[in-house]
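**Q** Take a look at protein05.pdb, PDB, C-alpha atoms:
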ATOM      1  CA  MET M   1     -15.536   6.696   8.694
ATOM      2  CA  ARG M   2     -11.936   7.245   7.684
ATOM      3  CA  LYS M   3      -9.983   4.734   9.734
ATOM      4  CA  THR M   4      -6.262   4.666  10.395
ATOM      5  CA  VAL M   5      -3.757   3.724  13.070
ATOM      6  CA  PHE M   6      -4.013   5.850  16.249
ATOM      7  CA  GLY M   7      -6.827   7.835  14.586
ATOM      8  CA  ILE M   8      -4.267   9.929  12.667
ATOM      9  CA  VAL M   9      -5.852  11.423   9.553
ATOM     10  CA  SER M  10      -3.272  14.014   8.618
ATOM     11  CA  VAL M  11       0.475  14.469   8.673
ATOM     12  CA  GLY M  12       1.742  14.658  12.217
ATOM     13  CA  LEU M  13       5.086  15.776  13.585
ATOM     14  CA  LEU M  14       7.739  14.516  11.237
ATOM     15  CA  VAL M  15      10.499  14.105  13.793
ATOM     16  CA  ALA M  16       9.919  13.183  17.418
ATOM     17  CA  ALA M  17      12.419  14.390  19.981
ATOM     18  CA  SER M  18      12.595  10.928  21.562
ATOM     19  CA  ALA M  19      14.296   9.622  18.423
ATOM     20  CA  ALA M  20      17.183  12.068  18.622
ATOM     21  CA  VAL M  21      19.680   9.733  20.241
ATOM     22  CA  ALA M  22      23.423   9.595  19.874
ATOM     23  CA  ASP M  23      23.438   5.873  19.117
ATOM     24  CA  THR M  24      22.177   6.342  15.551
ATOM     25  CA  LYS M  25      23.630   9.696  14.569
ATOM     26  CA  ASP M  26      26.383   7.956  12.555
ATOM     27  CA  LYS M  27      24.106   5.294  11.046
ATOM     28  CA  LYS M  28      23.078   5.222   7.384
ATOM     29  CA  ILE M  29      19.729   3.880   6.206
ATOM     30  CA  ALA M  30      18.815   3.153   2.569
ATOM     31  CA  LEU M  31      15.448   2.542   0.912
ATOM     32  CA  SER M  32      15.380  -0.173  -1.770
ATOM     33  CA  ASN M  33      12.222   0.245  -3.869
ATOM     34  CA  ASN M  34      11.365  -2.034  -6.778
ATOM     35  CA  TYR M  35       8.813   0.054  -8.649
ATOM     36  CA  ALA M  36       7.653   3.665  -9.013
ATOM     37  CA  GLY M  37       5.189   3.458 -11.889
ATOM     38  CA  ASN M  38       1.997   4.527 -10.116
ATOM     39  CA  SER M  39       0.716   7.289  -7.853
ATOM     40  CA  TRP M  40       0.952   5.173  -4.690
ATOM     41  CA  ARG M  41       4.648   4.492  -5.176
ATOM     42  CA  GLN M  42       5.293   8.151  -5.994
ATOM     43  CA  ALA M  43       3.482   9.189  -2.806
ATOM     44  CA  MET M  44       5.430   6.581  -0.846
ATOM     45  CA  LEU M  45       8.751   8.025  -2.036
ATOM     46  CA  LYS M  46       7.570  11.574  -1.336
ATOM     47  CA  SER M  47       6.585  10.585   2.212
ATOM     48  CA  TRP M  48       9.998   8.989   2.724
ATOM     49  CA  ASP M  49      11.735  12.226   1.775
ATOM     50  CA  LYS M  50       9.346  14.351   3.814
ATOM     51  CA  VAL M  51      10.155  12.459   7.005
ATOM     52  CA  THR M  52      13.753  11.319   6.524
ATOM     53  CA  LYS M  53      15.282  14.595   5.353
ATOM     54  CA  PRO M  54      14.435  16.368   8.643
ATOM     55  CA  ALA M  55      15.693  13.295  10.520
ATOM     56  CA  VAL M  56      19.046  13.584   8.737
ATOM     57  CA  ALA M  57      19.166  17.369   9.157
ATOM     58  CA  SER M  58      18.549  17.075  12.895
ATOM     59  CA  GLY M  59      21.255  14.437  13.341
ATOM     60  CA  ILE M  60      19.055  11.450  14.168
ATOM     61  CA  VAL M  61      20.729   9.447  11.370
ATOM     62  CA  ALA M  62      23.615  10.238   9.032
ATOM     63  CA  ALA M  63      21.783   9.358   5.791
ATOM     64  CA  ALA M  64      18.439   8.060   4.523
ATOM     65  CA  ASP M  65      18.886   7.640   0.777
ATOM     66  CA  ALA M  66      16.203   6.249  -1.540
ATOM     67  CA  TYR M  67      16.909   3.990  -4.536
ATOM     68  CA  THR M  68      14.372   2.725  -7.080
ATOM     69  CA  THR M  69      15.028   0.146  -9.779
ATOM     70  CA  SER M  70      14.122   1.053 -13.356
ATOM     71  CA  GLU M  71      12.137  -2.171 -13.832
ATOM     72  CA  ASN M  72      10.061  -4.318 -11.492
ATOM     73  CA  GLN M  73      12.545  -7.183 -11.723
ATOM     74  CA  VAL M  74      13.821  -9.335  -8.871
ATOM     75  CA  THR M  75      17.287  -9.625 -10.416
ATOM     76  CA  GLU M  76      17.623  -5.857 -10.686
ATOM     77  CA  GLN M  77      16.540  -5.264  -7.098
ATOM     78  CA  ALA M  78      18.860  -8.008  -5.872
ATOM     79  CA  ALA M  79      21.772  -6.259  -7.630
ATOM     80  CA  GLN M  80      20.671  -2.962  -6.099
ATOM     81  CA  ILE M  81      20.676  -4.439  -2.582
ATOM     82  CA  GLN M  82      24.120  -5.965  -3.175
ATOM     83  CA  ASN M  83      25.382  -2.486  -4.077
ATOM     84  CA  LEU M  84      23.853  -1.062  -0.890
ATOM     85  CA  ILE M  85      25.673  -3.739   1.116
ATOM     86  CA  LEU M  86      28.965  -2.711  -0.488
ATOM     87  CA  GLN M  87      28.229   0.977   0.148
ATOM     88  CA  GLY M  88      28.205   0.344   3.880
ATOM     89  CA  TYR M  89      24.627   1.121   4.871
ATOM     90  CA  ASN M  90      23.724   0.066   8.398
ATOM     91  CA  ALA M  91      20.096  -0.644   7.558
ATOM     92  CA  ILE M  92      18.143  -1.282   4.367
ATOM     93  CA  VAL M  93      14.401  -0.670   4.200
ATOM     94  CA  VAL M  94      12.936  -2.776   1.388
ATOM     95  CA  ASN M  95       9.732  -2.690  -0.638
ATOM     96  CA  ALA M  96      10.323  -6.040  -2.287
ATOM     97  CA  ALA M  97       9.549  -7.279  -5.784
ATOM     98  CA  SER M  98       8.982 -10.775  -4.384
ATOM     99  CA  PRO M  99       8.352 -12.231  -0.932
ATOM    100  CA  ASP M 100      10.940 -14.983  -1.346
ATOM    101  CA  ALA M 101      13.074 -14.468  -4.472
ATOM    102  CA  LEU M 102      15.153 -11.793  -2.696
ATOM    103  CA  ASN M 103      15.772 -13.931   0.381
ATOM    104  CA  GLY M 104      19.300 -14.843  -0.697
ATOM    105  CA  VAL M 105      20.508 -11.256  -0.943
ATOM    106  CA  ILE M 106      18.535 -10.289   2.172
ATOM    107  CA  LYS M 107      20.420 -13.002   4.065
ATOM    108  CA  GLN M 108      23.707 -11.645   2.659
ATOM    109  CA  ALA M 109      22.826  -8.235   4.107
ATOM    110  CA  CYS M 110      21.968  -9.717   7.493
ATOM    111  CA  ASP M 111      25.188 -11.753   7.522
ATOM    112  CA  ALA M 112      27.056  -8.501   6.902
ATOM    113  CA  GLY M 113      25.500  -7.049  10.054
ATOM    114  CA  ILE M 114      22.942  -4.926   8.203
ATOM    115  CA  THR M 115      19.427  -4.479   9.587
ATOM    116  CA  VAL M 116      16.773  -5.233   6.947
ATOM    117  CA  VAL M 117      13.189  -3.987   7.359
ATOM    118  CA  SER M 118      10.687  -4.896   4.648
ATOM    119  CA  PHE M 119       7.343  -3.141   4.231
ATOM    120  CA  ASP M 120       4.352  -3.263   1.891
ATOM    121  CA  GLY M 121       6.031  -5.860  -0.348
ATOM    122  CA  ILE M 122       7.494  -7.862   2.530
ATOM    123  CA  VAL M 123      10.043 -10.706   2.459
ATOM    124  CA  THR M 124       9.965 -14.098   4.157
ATOM    125  CA  GLU M 125      13.674 -14.338   5.065
ATOM    126  CA  PRO M 126      13.631 -14.873   8.871
ATOM    127  CA  CYS M 127      16.455 -12.412   9.571
ATOM    128  CA  ALA M 128      14.416  -9.490   8.199
ATOM    129  CA  TRP M 129      11.672  -7.465   9.868
ATOM    130  CA  ARG M 130       8.259  -7.014   8.252
ATOM    131  CA  VAL M 131       5.921  -3.992   8.437
ATOM    132  CA  ALA M 132       2.608  -4.535   6.653
ATOM    133  CA  VAL M 133      -1.132  -4.338   6.829
ATOM    134  CA  ASP M 134      -3.287  -7.450   6.780
ATOM    135  CA  PHE M 135      -3.760  -7.408   3.013
ATOM    136  CA  LYS M 136      -5.834 -10.578   3.059
ATOM    137  CA  LYS M 137      -8.241  -8.929   5.487
ATOM    138  CA  MET M 138      -8.327  -5.870   3.223
ATOM    139  CA  GLY M 139      -9.573  -8.033   0.362
ATOM    140  CA  ARG M 140     -12.155  -9.667   2.583
ATOM    141  CA  VAL M 141     -13.396  -6.244   3.765
ATOM    142  CA  GLU M 142     -14.310  -5.396   0.170
ATOM    143  CA  VAL M 143     -16.582  -8.420  -0.151
ATOM    144  CA  ASP M 144     -18.028  -7.828   3.325
ATOM    145  CA  TYR M 145     -18.987  -4.340   2.180
ATOM    146  CA  LEU M 146     -20.730  -5.762  -0.881
ATOM    147  CA  THR M 147     -22.808  -8.096   1.286
ATOM    148  CA  LYS M 148     -24.273  -5.024   2.983
ATOM    149  CA  LYS M 149     -24.815  -2.948  -0.173
ATOM    150  CA  MET M 150     -26.069  -5.695  -2.490
ATOM    151  CA  PRO M 151     -26.946  -8.775  -0.412
ATOM    152  CA  ALA M 152     -28.603 -10.466  -3.393
ATOM    153  CA  GLY M 153     -25.156 -10.832  -4.964
ATOM    154  CA  GLY M 154     -24.167 -10.700  -8.613
ATOM    155  CA  ASN M 155     -21.258 -10.926 -11.030
ATOM    156  CA  LEU M 156     -17.936  -9.395 -10.011
ATOM    157  CA  LEU M 157     -14.939  -8.193 -11.995
ATOM    158  CA  GLU M 158     -11.657  -8.421 -10.098
ATOM    159  CA  ILE M 159      -8.793  -6.051 -10.868
ATOM    160  CA  ARG M 160      -5.542  -7.357  -9.429
ATOM    161  CA  GLY M 161      -2.188  -5.603  -8.904
ATOM    162  CA  LEU M 162       1.340  -6.510  -9.983
ATOM    163  CA  ALA M 163       1.566 -10.211 -10.809
ATOM    164  CA  GLY M 164       3.845 -12.199  -8.507
ATOM    165  CA  VAL M 165       3.993  -9.592  -5.745
ATOM    166  CA  PHE M 166       3.006 -10.594  -2.204
ATOM    167  CA  VAL M 167       0.473  -7.757  -1.909
ATOM    168  CA  ASP M 168      -1.426  -8.856  -5.019
ATOM    169  CA  ASP M 169      -1.605 -12.473  -3.891
ATOM    170  CA  ALA M 170      -2.736 -11.568  -0.361
ATOM    171  CA  ILE M 171      -5.538  -9.186  -1.401
ATOM    172  CA  HIS M 172      -6.705 -11.670  -4.036
ATOM    173  CA  SER M 173      -6.784 -14.415  -1.408
ATOM    174  CA  GLY M 174      -8.992 -12.283   0.850
ATOM    175  CA  ILE M 175     -11.391 -11.564  -2.002
ATOM    176  CA  GLU M 176     -11.500 -15.269  -2.866
ATOM    177  CA  ASP M 177     -12.318 -16.169   0.739
ATOM    178  CA  GLY M 178     -15.091 -13.579   0.801
ATOM    179  CA  VAL M 179     -16.645 -14.955  -2.372
ATOM    180  CA  LYS M 180     -16.427 -18.542  -1.109
ATOM    181  CA  ALA M 181     -18.249 -17.502   2.049
ATOM    182  CA  ASN M 182     -20.866 -15.632   0.000
ATOM    183  CA  PRO M 183     -21.672 -17.795  -3.049
ATOM    184  CA  GLN M 184     -24.250 -15.307  -4.275
ATOM    185  CA  TYR M 185     -21.240 -13.523  -5.776
ATOM    186  CA  LYS M 186     -19.308 -14.849  -8.741
ATOM    187  CA  ILE M 187     -16.038 -13.546 -10.160
ATOM    188  CA  VAL M 188     -16.642 -13.706 -13.913
ATOM    189  CA  GLY M 189     -13.500 -11.845 -15.032
ATOM    190  CA  SER M 190     -10.051 -10.918 -13.718
ATOM    191  CA  VAL M 191      -7.305  -8.638 -15.046
ATOM    192  CA  HIS M 192      -4.041  -7.209 -13.706
ATOM    193  CA  GLY M 193      -4.169  -3.420 -13.476
ATOM    194  CA  ASN M 194      -0.687  -3.028 -11.898
ATOM    195  CA  TRP M 195      -2.208  -0.543  -9.398
ATOM    196  CA  ALA M 196      -2.166   2.044 -12.199
ATOM    197  CA  GLN M 197      -5.177   3.854 -13.647
ATOM    198  CA  GLU M 198      -4.040   3.741 -17.286
ATOM    199  CA  VAL M 199      -3.200   0.030 -17.182
ATOM    200  CA  ALA M 200      -6.460  -0.821 -15.426
ATOM    201  CA  GLN M 201      -8.518   1.133 -17.967
ATOM    202  CA  LYS M 202      -6.856  -0.651 -20.883
ATOM    203  CA  GLU M 203      -7.184  -4.125 -19.347
ATOM    204  CA  VAL M 204     -10.808  -3.649 -18.303
ATOM    205  CA  ALA M 205     -11.697  -2.288 -21.746
ATOM    206  CA  GLY M 206     -10.162  -5.385 -23.281
ATOM    207  CA  ILE M 207     -12.149  -7.877 -21.209
ATOM    208  CA  LEU M 208     -15.522  -6.103 -20.997
ATOM    209  CA  PRO M 209     -16.893  -7.308 -24.373
ATOM    210  CA  SER M 210     -16.674 -10.899 -23.160
ATOM    211  CA  LEU M 211     -18.342 -10.323 -19.791
ATOM    212  CA  PRO M 212     -21.991 -10.510 -18.696
ATOM    213  CA  GLU M 213     -23.570  -7.760 -16.582
ATOM    214  CA  ILE M 214     -21.193  -6.686 -13.805
ATOM    215  CA  LYS M 215     -22.702  -5.669 -10.473
ATOM    216  CA  ALA M 216     -19.462  -4.693  -8.729
ATOM    217  CA  VAL M 217     -15.717  -4.341  -9.262
ATOM    218  CA  VAL M 218     -13.323  -5.424  -6.513
ATOM    219  CA  THR M 219      -9.915  -3.790  -6.745
ATOM    220  CA  GLN M 220      -6.525  -3.306  -5.098
ATOM    221  CA  GLY M 221      -5.981   0.450  -5.435
ATOM    222  CA  GLY M 222      -5.106   2.794  -8.270
ATOM    223  CA  ASP M 223      -7.517   1.052 -10.612
ATOM    224  CA  GLY M 224     -11.019   2.271  -9.713
ATOM    225  CA  TYR M 225     -11.035   5.402 -11.860
ATOM    226  CA  GLY M 226      -9.619   3.507 -14.830
ATOM    227  CA  ALA M 227     -12.346   0.894 -14.447
ATOM    228  CA  ALA M 228     -15.029   3.589 -14.354
ATOM    229  CA  GLN M 229     -13.659   5.139 -17.539
ATOM    230  CA  ALA M 230     -13.634   1.759 -19.296
ATOM    231  CA  PHE M 231     -17.269   1.063 -18.399
ATOM    232  CA  ALA M 232     -18.300   4.541 -19.577
ATOM    233  CA  ALA M 233     -16.426   4.168 -22.890
ATOM    234  CA  ALA M 234     -18.123   0.813 -23.472
ATOM    235  CA  GLY M 235     -21.552   2.325 -22.837
ATOM    236  CA  ARG M 236     -22.202  -0.093 -20.002
ATOM    237  CA  PRO M 237     -23.923   0.675 -16.676
ATOM    238  CA  THR M 238     -21.516   1.781 -13.968
ATOM    239  CA  PRO M 239     -21.223  -0.935 -11.320
ATOM    240  CA  LEU M 240     -20.290  -0.432  -7.680
ATOM    241  CA  ILE M 241     -16.507   0.027  -7.867
ATOM    242  CA  VAL M 242     -14.434  -0.303  -4.714
ATOM    243  CA  MET M 243     -11.880   2.514  -4.745
ATOM    244  CA  GLY M 244      -8.250   2.614  -3.575
ATOM    245  CA  ASN M 245      -7.743   6.054  -1.972
ATOM    246  CA  ARG M 246      -6.248   7.739  -5.056
ATOM    247  CA  GLN M 247      -7.239  11.352  -5.622
ATOM    248  CA  ASP M 248      -8.669  10.708  -9.092
ATOM    249  CA  GLU M 249     -10.821   7.909  -7.671
ATOM    250  CA  LEU M 250     -12.083  10.057  -4.804
ATOM    251  CA  GLN M 251     -12.807  12.965  -7.175
ATOM    252  CA  TRP M 252     -14.768  10.731  -9.565
ATOM    253  CA  TRP M 253     -16.659   9.212  -6.625
ATOM    254  CA  LYS M 254     -17.648  12.672  -5.350
ATOM    255  CA  GLU M 255     -18.837  13.735  -8.797
ATOM    256  CA  GLN M 256     -21.018  10.641  -9.077
ATOM    257  CA  LYS M 257     -22.277  11.054  -5.525
ATOM    258  CA  ASP M 258     -23.313  14.638  -6.239
ATOM    259  CA  LYS M 259     -24.929  13.632  -9.529
ATOM    260  CA  ASN M 260     -26.861  10.516  -8.597
ATOM    261  CA  GLY M 261     -26.078   9.495  -5.007
ATOM    262  CA  TYR M 262     -23.451   6.910  -6.036
ATOM    263  CA  GLU M 263     -22.224   4.931  -3.031
ATOM    264  CA  THR M 264     -19.053   2.927  -2.500
ATOM    265  CA  MET M 265     -16.055   2.700  -0.168
ATOM    266  CA  SER M 266     -12.300   3.098  -0.557
ATOM    267  CA  VAL M 267      -9.460   1.187   1.067
ATOM    268  CA  SER M 268      -5.678   0.919   0.731
ATOM    269  CA  ILE M 269      -2.451   0.900   2.698
ATOM    270  CA  ALA M 270      -1.201   4.426   3.376
ATOM    271  CA  PRO M 271       1.910   5.246   1.278
ATOM    272  CA  GLY M 272       3.442   6.728   4.408
ATOM    273  CA  VAL M 273       4.027   3.211   5.735
ATOM    274  CA  SER M 274       7.533   3.734   4.324
ATOM    275  CA  THR M 275       8.107   6.266   7.113
ATOM    276  CA  LEU M 276       6.995   3.776   9.741
ATOM    277  CA  ALA M 277       9.515   1.299   8.338
ATOM    278  CA  PHE M 278      12.205   3.999   8.545
ATOM    279  CA  TRP M 279      11.528   4.633  12.227
ATOM    280  CA  VAL M 280      11.446   0.895  12.929
ATOM    281  CA  ALA M 281      14.885   0.565  11.330
ATOM    282  CA  GLN M 282      16.136   3.500  13.414
ATOM    283  CA  MET M 283      14.800   1.883  16.599
ATOM    284  CA  ILE M 284      16.560  -1.405  15.820
ATOM    285  CA  LEU M 285      19.841   0.407  15.128
ATOM    286  CA  ASP M 286      19.343   2.174  18.465
ATOM    287  CA  GLY M 287      19.315  -1.205  20.198
ATOM    288  CA  LYS M 288      15.585  -1.416  20.872
ATOM    289  CA  GLN M 289      13.883  -4.823  20.963
ATOM    290  CA  VAL M 290      11.461  -4.975  18.023
ATOM    291  CA  PRO M 291       9.274  -7.976  17.058
ATOM    292  CA  LYS M 292       9.974  -9.346  13.604
ATOM    293  CA  ASP M 293       6.380  -8.850  12.408
ATOM    294  CA  LEU M 294       4.479  -5.574  12.799
ATOM    295  CA  THR M 295       0.956  -4.980  11.523
ATOM    296  CA  VAL M 296      -0.686  -1.599  10.981
ATOM    297  CA  PRO M 297      -4.297  -0.963   9.945
ATOM    298  CA  PHE M 298      -5.174  -0.125   6.359
ATOM    299  CA  LEU M 299      -6.698   3.254   5.593
ATOM    300  CA  GLN M 300     -10.437   3.045   4.866
ATOM    301  CA  ILE M 301     -12.652   5.885   3.612
ATOM    302  CA  ASP M 302     -16.412   5.518   3.891
ATOM    303  CA  GLN M 303     -19.217   7.472   2.241
ATOM    304  CA  ALA M 304     -19.667   9.981   5.068
ATOM    305  CA  ASP M 305     -15.999  11.046   5.077
ATOM    306  CA  LEU M 306     -15.483  11.272   1.320
ATOM    307  CA  GLU M 307     -15.415  15.068   1.099
ATOM    308  CA  LYS M 308     -13.099  15.466   4.087
ATOM    309  CA  SER M 309     -10.671  12.895   2.723
ATOM    310  CA  LEU M 310     -10.710  14.379  -0.774
ATOM    311  CA  ALA M 311     -10.012  17.856   0.609
ATOM    312  CA  THR M 312      -6.802  16.652   2.279
ATOM    313  CA  THR M 313      -5.545  14.569  -0.666
ATOM    314  CA  GLU M 314      -3.380  16.465  -3.143
ATOM    315  CA  LYS M 315      -4.220  16.336  -6.851
ATOM    316  CA  GLY M 316      -2.663  13.271  -8.431
ATOM    317  CA  GLY M 317      -1.827  11.872  -4.998
ATOM    318  CA  VAL M 318      -3.133   9.321  -2.511
ATOM    319  CA  ALA M 319      -4.905   9.677   0.836
ATOM    320  CA  ASN M 320      -2.039   9.291   3.242
ATOM    321  CA  VAL M 321      -0.657   9.138   6.758
ATOM    322  CA  GLU M 322       2.962   9.797   7.661
ATOM    323  CA  TYR M 323       4.329   8.370  10.903
ATOM    324  CA  THR M 324       6.510   9.723  13.693
ATOM    325  CA  ALA M 325       9.055   7.947  15.853
ATOM    326  CA  ASP M 326       6.484   7.935  18.650
ATOM    327  CA  ASP M 327       3.966   6.251  16.339
ATOM    328  CA  ALA M 328       6.517   3.540  15.573
ATOM    329  CA  ALA M 329       7.147   3.042  19.293
ATOM    330  CA  LYS M 330       3.413   2.547  19.864
ATOM    331  CA  VAL M 331       3.180  -0.010  17.053
ATOM    332  CA  VAL M 332       6.143  -1.902  18.486
ATOM    333  CA  ALA M 333       4.719  -1.760  22.022
ATOM    334  CA  GLY M 334       1.386  -3.107  20.765
ATOM    335  CA  ALA M 335       3.067  -5.987  18.948
ATOM    336  CA  SER M 336       5.172  -6.849  21.996
ATOM    337  CA  LYS M 337       2.164  -7.452  24.278
TER     338      LYS M 337
END
When written as structure tokens, how does the structure in this file appear?
**A**
Amino acid sequence: MRKTVFGIVSVGLLVAASAAVADTKDKKIALSNNYAGNSWRQAMLKSWDKVTKPAVASGIVAAADAYTTSENQVTEQAAQIQNLILQGYNAIVVNAASPDALNGVIKQACDAGITVVSFDGIVTEPCAWRVAVDFKKMGRVEVDYLTKKMPAGGNLLEIRGLAGVFVDDAIHSGIEDGVKANPQYKIVGSVHGNWAQEVAQKEVAGILPSLPEIKAVVTQGGDGYGAAQAFAAAGRPTPLIVMGNRQDELQWWKEQKDKNGYETMSVSIAPGVSTLAFWVAQMILDGKQVPKDLTVPFLQIDQADLEKSLATTEKGGVANVEYTADDAAKVVAGASK
């Protein structure tokens, strides 16, 4: 089953009337993004524009500008955020290069009276808000799935994301916990695929000659198709590869399913979480009480819903959900209980 918050599986209303309040019509919100080198980040930025442009046009906020650094470097993003402080933004929504290395500049923003909402790559600075999925649980879910599909266990290859980023560490930790609880599995190789198909394919191809038989590949998203291509090029049997909701992964999965009944699952955070962070920032600027930590479910696609999910995912894109102001209010209400 394809699972997501509130059961939403397609783009809903982009602007909710309840958000159109006078208190934020003069407020400016900026997005600080540290990286755009894969399909998930591109989809995240596209979702931001899709939701924020109508919000600006309808007068809910005065601006919702997006900025992306040219390199995934903490120093560059810190300089970017300092510029946003000087430009007078009322709120900054941050997808952070590091959970703690940006805390100094985040605190500077807060001290200047700026609301800071981090998402996906969240920050630990107490003055900021955090919008994220339980990435550790997401990693554990992958291993739990393997225990049902291949209870006898076997050797695993782990493909990680961007080194040093909170998301990578959290998913890896969940996978590690799953393997510790199920010692019939053994991680015999690990590479960083940077959540990008081309990088994952190259890194997997480089490590495969040194690895024994691989029963399954645990991943973080954006790397499943690249892994499949590397195994095929090496002439090795295709293992069970956990996918990450990218269109090329879903397309490859369907082709294999039609050909030989290939079974797997796919899981990732929806790129549209950037839009949830936007509405959270707007709510805070509007004077609403919002808990510092908000958790939304990850988006999981199971075997039975593969075709439906693929049909609604654009070529080169990622299975996605975009959020409304009402969705954000429900998330906040749930966290406040």
**Q** For Val165 of chain M, which residue out of M:Ser98, M:Thr24, M:Gln251, M:Gln303 is the nearest one, using all atoms listed in the file?
**A** M:Ser98
**Q** Using all atoms listed in the file, list the residues that have an atom at most 6 Å from (18.5, 1.8, 6.6), coordinates as in the file, as a ChimeraX atom specification.
**A** /M:28-30,90-93
**Q** Report, as AutoDock Vina command-line options, the axis-aligned box around all atoms of segment 296-305 of chain M present in the file, extended by 3 Å on each side; give centre and edge lengths in Å to one decimal place.
**A**
--center_x -10.2 --center_y 4.7 --center_z 6.6 --size_x 25.0 --size_y 18.6 --size_z 14.7
**Q** Find the residues around Asp168 of chain M up to 12 Å (all atoms listed in the file counted), leave out those fewer than 5 positions away in its own chain, and share them as number ranges by chain.
**A** M: 97-99, 120-122, 135-136, 138-139, 158-163, 173-175, 191-195, 219-221
**Q** Would you list the residues near (3.0, -2.6, 0.9) (no more than 10 Å away, in the coordinates of the file, using only C-alpha atoms) as a ChimeraX atom specification?
**A** /M:40-41,44,94-96,118-122,131-135,165-168,268-274
**Q** Near Met243 of chain M, within 9 Å and counting only C-alpha atoms, which residues show up once chain neighbours fewer than 6 positions away are dropped, as a list in words?
**A**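 Near Met243 of chain M, the qualifying residues are Val218, Thr219, Gln220, Gly221, Gly222, Asp223, Gly224, Tyr225, Glu249, Leu250, Trp253, Thr264, Met265, Ser266, Val267 and Ser268 of chain M.
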**Q** Mind writing the picked residues with C-alpha atoms as a PDB file, in the coordinates of the input?
**A**
ATOM      1  CA  VAL M 218     -13.323  -5.424  -6.513  1.00  0.00           C
ATOM      2  CA  THR M 219      -9.915  -3.790  -6.745  1.00  0.00           C
ATOM      3  CA  GLN M 220      -6.525  -3.306  -5.098  1.00  0.00           C
ATOM      4  CA  GLY M 221      -5.981   0.450  -5.435  1.00  0.00           C
ATOM      5  CA  GLY M 222      -5.106   2.794  -8.270  1.00  0.00           C
ATOM      6  CA  ASP M 223      -7.517   1.052 -10.612  1.00  0.00           C
ATOM      7  CA  GLY M 224     -11.019   2.271  -9.713  1.00  0.00           C
ATOM      8  CA  TYR M 225     -11.035   5.402 -11.860  1.00  0.00           C
ATOM      9  CA  GLU M 249     -10.821   7.909  -7.671  1.00  0.00           C
ATOM     10  CA  LEU M 250     -12.083  10.057  -4.804  1.00  0.00           C
ATOM     11  CA  TRP M 253     -16.659   9.212  -6.625  1.00  0.00           C
ATOM     12  CA  THR M 264     -19.053   2.927  -2.500  1.00  0.00           C
ATOM     13  CA  MET M 265     -16.055   2.700  -0.168  1.00  0.00           C
ATOM     14  CA  SER M 266     -12.300   3.098  -0.557  1.00  0.00           C
ATOM     15  CA  VAL M 267      -9.460   1.187   1.067  1.00  0.00           C
ATOM     16  CA  SER M 268      -5.678   0.919   0.731  1.00  0.00           C
TER      17      SER M 268
END
**Q** Counting all atoms listed in the file, which residue out of M:Val242, M:Lys137, M:Asp258, M:Thr147 sits closest to Pro297 of chain M?
**A** M:Lys137
**Q** Name the closest residue to Ser309 of chain M among the candidates M:Met150, M:Lys202, M:Gln247, M:Pro126; distances are taken between atoms, counting only C-alpha atoms.
**A**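 Result for the nearest residue to Ser309 of chain M: M:Gln247.
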**Q** Go through the shown structure with the PyMOL selection byres ((chain M and resi 35-38) around 7) and write out the matching residues as a list in words.
**A**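 This file, filtered by the PyMOL selection byres ((chain M and resi 35-38) around 7), leaves Asn33, Asn34, Ser39, Trp40, Arg41, Gln42, Thr68, Thr69, Glu71, Asn72, Trp195 and Ala196 of chain M.
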**Q** For atom CA of Ala101 of chain M and atom CA of Gly164 of chain M, determine how far apart the two atoms are, in Å to one decimal place.
**A**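 Here the two named atoms are 10.3 Å from each other.
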**Q** Using atom CA of Asp100 of chain M and atom CA of Thr124 of chain M as the two end points, give the distance in Å to one decimal.
**A**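 Between atom CA of Asp100 of chain M and atom CA of Thr124 of chain M the gap works out to 5.7 Å.
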**Q** With all atoms listed in the file as the counted atoms, please give the residues lying no more than 10 Å from Ile284 of chain M, apart from itself and same-chain residues fewer than 2 positions off, as a list of chain:residue names.
**A**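 Counting all atoms listed in the file, the residues come to M:Thr24, M:Ala91, M:Thr115, M:Val116, M:Val117, M:Trp129, M:Trp279, M:Val280, M:Ala281, M:Gln282, M:Asp286, M:Gly287, M:Lys288, M:Gln289, M:Val290, M:Pro291.
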**Q** Might you pull out every residue within 7 Å of Gly178 of chain M, with only C-alpha atoms counted and same-chain residues fewer than 4 positions away left off, and present them as number ranges by chain?
**A** M: 140, 143-144, 174, 182
**Q** Restricted to C-alpha atoms, what would the selected residues look like written as a compact mmCIF listing (two decimals), in the frame of the given file?
**A**
# COMPACT_ATOMS: atom_id res chain seq x y z
CA ARG M 140 -12.16 -9.67 2.58
CA VAL M 143 -16.58 -8.42 -0.15
CA ASP M 144 -18.03 -7.83 3.32
CA GLY M 174 -8.99 -12.28 0.85
CA ASN M 182 -20.87 -15.63 0.00
**Q** Spell out the residues picked by the PyMOL selection byres ((chain M and resi 310) around 10) here, as an NGL selection string.
**A** :M and (245-251 or 253-254 or 301 or 305-309 or 311-315 or 318-319)
**Q** Find the residues near Gln82 of chain M: any atom within 9 Å, counting only C-alpha atoms, skip ones fewer than 6 places away on the same chain, and give them as a list in words.
**A**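 Contacts, with the query itself left out: Val105, Ile106, Gln108 and Ala109 of chain M.
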